[in-house]
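All remarks here apply to the structure that follows.
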Amino acid sequence: MPAAPPADAVAPLMRGIAVLRALGDAGGRMDLSDLVRSTGLARSTADRVAATLARMGYVRLRGHEVRLAPRLMELGNAYLAALSLPGRLGPLAERLADELDESVSLAVPDRDGIRFVHQTTRRRAMSLTFRIGDLLPYERTAAGAVFAAEWTGDAWADRSARRGEDGDTGGEPADEAAFRLRAAQCREAGWAVDDQLIEPGLVAIAVPVHDPGGSVVCAVSVVGHTSRHTADSLGRAVLPVLRETVAAMEEELRRDRPATGGHAPNGLARWTTASKQELGAEFVESLARGLTVITAFGESRPELPLAAVAEATGLARATARRALITLEHLGYVTSEDRVFRLTPLVLSLGCPALSGTTLPDIAVPHMAELVRRVHDSASLAVLDGDDIRYTARVATERIMSVNITIGTRFPAYAASMGRVLLAGLPAGEREARLARIEPRPLTSHTVTDPARLLGLLGRVRDEGFALVDEELEEGLRSLAVPVRDHTGRTVAALNVAMHTARRTADECLAEVLPPLRATAAAIESDLHIAGRFARVPEV
């Protein structure tokens with residue numbers, strides 16, 4: 001049976017985490033009535049928890065349905081940033097995946113199994129679907145044998161005791177003797193193999209990565225499919241390069257880490273107070289403040305004493321202390337000598353369910369709000385060759401409206417979103433694209449002169465928006481702005497389109513441009529969180 005909560009545990013925080021875990025286990029969405037049954041909470045309590053999480057941006061409410069929102073990933077990001085391995089070793093893992101043309105994973109141990117902290121996958125018909133935050137049983141993975149190779153007798157005894165209490169996390173009775181043998185073989189050889197243990201057809205080779213003190217901090221796995229390799233042939237093909245990459249990773253870990261900076265308050269405590277004053281009983285402040293404690297940790301802040309947690313969050317020491325006690329009881333925080341650090345379990349708070357989030361998934365809820373404000377249709381597009389391709393759209397209900405479907409393509413030079421996307425390219429690439437196309441007039445207003453187009457793109461780049469009048473189609477006016485990732489690269493364009501009779505050009509700039517820019521900023525905010533440690537597909 002689970003241990004009883006400490007006397008100082010924050011019950012609303014425990015309830016909120018139970019809701020997040022239930023949503024994650026259900027794939028990211030549940031009806032409120034199902035959530036009540038799953039968590040055992042009273043309906044009124046579940047409603048308040050959901051309203052609080054929605055206020056934080058961690059879930060979205062649609063009628064009686066609750067959905068996890070990309071902003072929730074800031075909790076998992078806090079752990080990944082504090083861990084530092086994805087940021088420091090991820091680029092080397094990506095280079096290895098490119099060199100081998102196979103999927104590469106980084107995993108860490110997490111009590112009952114391994115948990116993925118980085119994924120670089122290859123796109124194929126037979127693709128792999130491991131996600132950041134996924135937990136897999138030790139005995140059915142190559143990485144699990146890598147970690148077990150370091151276990152002492154006490155560690156094996158603890159594992160046996162836990163398995164007796166909790167059962168086999170893999171769903172089938174494990175052959176413990178075979179797992180011990182694989183761990184011993186890894187100890188001798190320095191690498192481990194998964195020959196279709198986790199799933200038929202999947203093979204993997206894993207090698208440990210050591211920190212400067214000689215401890216194993218993670219395992220690097222190269223994962224393939226039997227259509228391409230047997231376990232033996234995968235080992236022969238990848239081990240030499242894999243070992244070279246691991247040596248480079250260990251060299252990277254020997255480099256000095258940035259010094260720990262100060263812990264200036266992040267303002268969230270003041271925000272929770274304001275939210276409580278605004279929403280009253282519907283906002284559970286102790287839940288919001290408890291989750292805020294997780295965000296105190298991060299890059300250059302892998303471990304913190306209580307005083308630093310309180311300082312970083314702006315919370316009173318007593319409030320921060322009770323939240324840490326609760327999080328430690330639940331397994332999300334561990335402590336030693338009065339210093340706290342996050343555990344990999346934090347990744348279970350939505351990361352697996354949200355790791356497949358696409359840019360349209362992020363954009364559409366914000367676009368819907370934009371359409372409600374301006375009463376005209378909004379679209380999202382990406383650059384695809386010399387065209388734009390529509391990837392998301394929210395249409396307004398009007399007798400006469402712009403009718404475009406997902407996947408529609410238009411020449412980039414004549415569309416507002418196309419000009420935004422072209423303007424976001426490096427100058428040399430922008431000029432090269434215009435030089436290779438032959439713009440043709442789509443209407444009597446279409447600009448086709450390359451020099452004039454180049455000048456227009458420079459203006460779009462400087463002003464941050466593009467307004468196109470009747471160049472793509474007679475009677476169509478469109479206003480677009482860029483959507484940028486965390487590096488500042490323009491990855492998509494967002495627009496509002498309407499008939500020219502709806503608004504003048506000046507009215508578009510006065511009435512539509514401000515909410516359009518605000519919507520792009522909201523999309524970017526979610527995109528930066530979702531894309532910090534995982535690739536967000538543009539479609």
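We name chains A, B, ... following the order of the structure tokens; residues begin at 1 in each chain, and ligands are numbered from 1 as shown.
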Next item on the list: Give the strand (DSSP E or B) residues of range 157-228 of chain A, as assigned by DSSP on the backbone, as an NGL selection string.
Entry: :A and (192-195 or 202-210 or 216-225)
Restricting the output to N, CA, C and O atoms, write the selected residues as a JSON list (two decimals), in the first residue's frame.
[["chain", "number", "residue", "atom", "x", "y", "z"],
["A", 192, "ALA", "N", 24.71, -3.39, -24.27],
["A", 192, "ALA", "CA", 23.61, -4.34, -24.08],
["A", 192, "ALA", "C", 22.72, -4.33, -25.32],
["A", 192, "ALA", "O", 22.74, -3.39, -26.11],
["A", 193, "VAL", "N", 21.96, -5.42, -25.47],
["A", 193, "VAL", "CA", 21.10, -5.56, -26.64],
["A", 193, "VAL", "C", 19.67, -5.87, -26.20],
["A", 193, "VAL", "O", 19.44, -6.53, -25.18],
["A", 194, "ASP", "N", 18.72, -5.32, -26.95],
["A", 194, "ASP", "CA", 17.31, -5.69, -26.83],
["A", 194, "ASP", "C", 16.94, -6.35, -28.15],
["A", 194, "ASP", "O", 16.81, -5.69, -29.17],
["A", 195, "ASP", "N", 16.79, -7.67, -28.13],
["A", 195, "ASP", "CA", 16.44, -8.42, -29.33],
["A", 195, "ASP", "C", 14.95, -8.76, -29.27],
["A", 195, "ASP", "O", 14.57, -9.84, -28.82],
["A", 202, "LEU", "N", 11.50, -5.13, -33.09],
["A", 202, "LEU", "CA", 12.33, -4.02, -32.65],
["A", 202, "LEU", "C", 13.61, -4.54, -32.03],
["A", 202, "LEU", "O", 13.59, -5.43, -31.17],
["A", 203, "VAL", "N", 14.74, -4.00, -32.45],
["A", 203, "VAL", "CA", 16.04, -4.35, -31.89],
["A", 203, "VAL", "C", 16.77, -3.07, -31.51],
["A", 203, "VAL", "O", 16.59, -2.03, -32.13],
["A", 204, "ALA", "N", 17.60, -3.16, -30.47],
["A", 204, "ALA", "CA", 18.30, -1.97, -29.98],
["A", 204, "ALA", "C", 19.64, -2.36, -29.37],
["A", 204, "ALA", "O", 19.79, -3.44, -28.80],
["A", 205, "ILE", "N", 20.58, -1.45, -29.49],
["A", 205, "ILE", "CA", 21.89, -1.56, -28.86],
["A", 205, "ILE", "C", 22.07, -0.35, -27.96],
["A", 205, "ILE", "O", 21.79, 0.79, -28.38],
["A", 206, "ALA", "N", 22.49, -0.55, -26.71],
["A", 206, "ALA", "CA", 22.65, 0.54, -25.76],
["A", 206, "ALA", "C", 24.04, 0.52, -25.14],
["A", 206, "ALA", "O", 24.60, -0.55, -24.88],
["A", 207, "VAL", "N", 24.57, 1.72, -24.89],
["A", 207, "VAL", "CA", 25.89, 1.90, -24.29],
["A", 207, "VAL", "C", 25.76, 2.93, -23.17],
["A", 207, "VAL", "O", 25.03, 3.91, -23.32],
["A", 208, "PRO", "N", 26.46, 2.73, -22.04],
["A", 208, "PRO", "CA", 26.37, 3.70, -20.95],
["A", 208, "PRO", "C", 27.19, 4.95, -21.21],
["A", 208, "PRO", "O", 28.21, 4.92, -21.91],
["A", 209, "VAL", "N", 26.73, 6.06, -20.65],
["A", 209, "VAL", "CA", 27.48, 7.32, -20.65],
["A", 209, "VAL", "C", 27.83, 7.64, -19.21],
["A", 209, "VAL", "O", 26.94, 7.67, -18.34],
["A", 210, "HIS", "N", 29.11, 7.86, -18.94],
["A", 210, "HIS", "CA", 29.58, 8.10, -17.58],
["A", 210, "HIS", "C", 29.86, 9.59, -17.35],
["A", 210, "HIS", "O", 30.30, 10.30, -18.27],
["A", 216, "VAL", "N", 27.28, 6.07, -14.14],
["A", 216, "VAL", "CA", 26.46, 6.05, -15.35],
["A", 216, "VAL", "C", 25.31, 7.04, -15.17],
["A", 216, "VAL", "O", 24.51, 6.91, -14.25],
["A", 217, "VAL", "N", 25.25, 8.04, -16.06],
["A", 217, "VAL", "CA", 24.21, 9.06, -15.94],
["A", 217, "VAL", "C", 23.08, 8.84, -16.94],
["A", 217, "VAL", "O", 21.96, 9.32, -16.72],
["A", 218, "CYS", "N", 23.35, 8.15, -18.02],
["A", 218, "CYS", "CA", 22.30, 7.85, -18.98],
["A", 218, "CYS", "C", 22.78, 6.73, -19.90],
["A", 218, "CYS", "O", 23.96, 6.34, -19.85],
["A", 219, "ALA", "N", 21.88, 6.23, -20.69],
["A", 219, "ALA", "CA", 22.20, 5.21, -21.70],
["A", 219, "ALA", "C", 21.81, 5.76, -23.06],
["A", 219, "ALA", "O", 20.75, 6.37, -23.21],
["A", 220, "VAL", "N", 22.68, 5.53, -24.05],
["A", 220, "VAL", "CA", 22.39, 5.90, -25.42],
["A", 220, "VAL", "C", 22.00, 4.63, -26.16],
["A", 220, "VAL", "O", 22.74, 3.65, -26.15],
["A", 221, "SER", "N", 20.85, 4.66, -26.80],
["A", 221, "SER", "CA", 20.37, 3.49, -27.55],
["A", 221, "SER", "C", 20.20, 3.84, -29.02],
["A", 221, "SER", "O", 19.69, 4.90, -29.36],
["A", 222, "VAL", "N", 20.64, 2.92, -29.86],
["A", 222, "VAL", "CA", 20.34, 2.98, -31.29],
["A", 222, "VAL", "C", 19.30, 1.92, -31.55],
["A", 222, "VAL", "O", 19.50, 0.74, -31.23],
["A", 223, "VAL", "N", 18.17, 2.33, -32.11],
["A", 223, "VAL", "CA", 17.02, 1.45, -32.23],
["A", 223, "VAL", "C", 16.71, 1.22, -33.71],
["A", 223, "VAL", "O", 16.66, 2.17, -34.49],
["A", 224, "GLY", "N", 16.52, -0.03, -34.08],
["A", 224, "GLY", "CA", 16.21, -0.37, -35.46],
["A", 224, "GLY", "C", 15.08, -1.38, -35.54],
["A", 224, "GLY", "O", 14.48, -1.76, -34.53],
["A", 225, "HIS", "N", 14.82, -1.82, -36.74],
["A", 225, "HIS", "CA", 13.75, -2.78, -36.99],
["A", 225, "HIS", "C", 14.33, -3.98, -37.74],
["A", 225, "HIS", "O", 15.29, -3.84, -38.50]]
Contact check, range 192-294 of chain A to range 135-140 of chain A, at most 9 Å, counting only C-alpha atoms, closest pairs as a Markdown table:
| residue | atom | partner | partner_atom | distance |
| --- | --- | --- | --- | --- |
| A:Asp194 | CA | A:Arg140 | CA | 7.0 |
| A:Gln196 | CA | A:Arg140 | CA | 8.5 |
| A:Leu197 | CA | A:Arg140 | CA | 5.0 |
| A:Ile198 | CA | A:Arg140 | CA | 5.2 |
| A:Glu199 | CA | A:Arg140 | CA | 8.8 |
Any chance you can output those residues with N, CA and C atoms as a PDB file, in the first residue's frame?
ATOM      1  N   ASP A 194      18.723  -5.318 -26.953  1.00  0.00           N
ATOM      2  CA  ASP A 194      17.310  -5.690 -26.830  1.00  0.00           C
ATOM      3  C   ASP A 194      16.939  -6.354 -28.146  1.00  0.00           C
ATOM      4  N   GLN A 196      14.123  -7.792 -29.658  1.00  0.00           N
ATOM      5  CA  GLN A 196      12.675  -7.952 -29.728  1.00  0.00           C
ATOM      6  C   GLN A 196      12.046  -8.262 -28.367  1.00  0.00           C
ATOM      7  N   LEU A 197      12.636  -7.707 -27.304  1.00  0.00           N
ATOM      8  CA  LEU A 197      12.081  -7.914 -25.966  1.00  0.00           C
ATOM      9  C   LEU A 197      10.895  -6.989 -25.702  1.00  0.00           C
ATOM     10  N   ILE A 198      11.023  -5.734 -26.129  1.00  0.00           N
ATOM     11  CA  ILE A 198       9.952  -4.775 -25.853  1.00  0.00           C
ATOM     12  C   ILE A 198       8.816  -4.915 -26.845  1.00  0.00           C
ATOM     13  N   GLU A 199       9.151  -5.352 -28.077  1.00  0.00           N
ATOM     14  CA  GLU A 199       8.121  -5.479 -29.104  1.00  0.00           C
ATOM     15  C   GLU A 199       8.669  -6.306 -30.257  1.00  0.00           C
TER      16      GLU A 199
END
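For the atom pair formed by CA of Leu13 in chain A and CA of Phe340 in chain A, the distance is 17.9 Å, given to one decimal.
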Go through range 230-264 of chain A residue by residue and, counting only C-alpha atoms, keep those with an atom at most 10 Å from range 86-97 of chain A; for each kept residue give the shortest atom pair and its distance in Å to one decimal, ordered by chain and increasing number, as CSV.
residue,atom,partner,partner_atom,distance
A:Val238,CA,A:Leu96,CA,9.4
A:Val241,CA,A:Leu96,CA,7.7
A:Leu242,CA,A:Leu96,CA,7.3
A:Glu244,CA,A:Leu96,CA,9.5
A:Thr245,CA,A:Leu92,CA,6.8
A:Val246,CA,A:Leu92,CA,8.7
A:Ala248,CA,A:Leu92,CA,7.8
A:Met249,CA,A:Leu89,CA,5.9
A:Glu250,CA,A:Leu89,CA,9.0
A:Glu252,CA,A:Arg88,CA,7.1
A:Leu253,CA,A:Arg88,CA,7.8
A:Arg257,CA,A:Arg88,CA,9.8
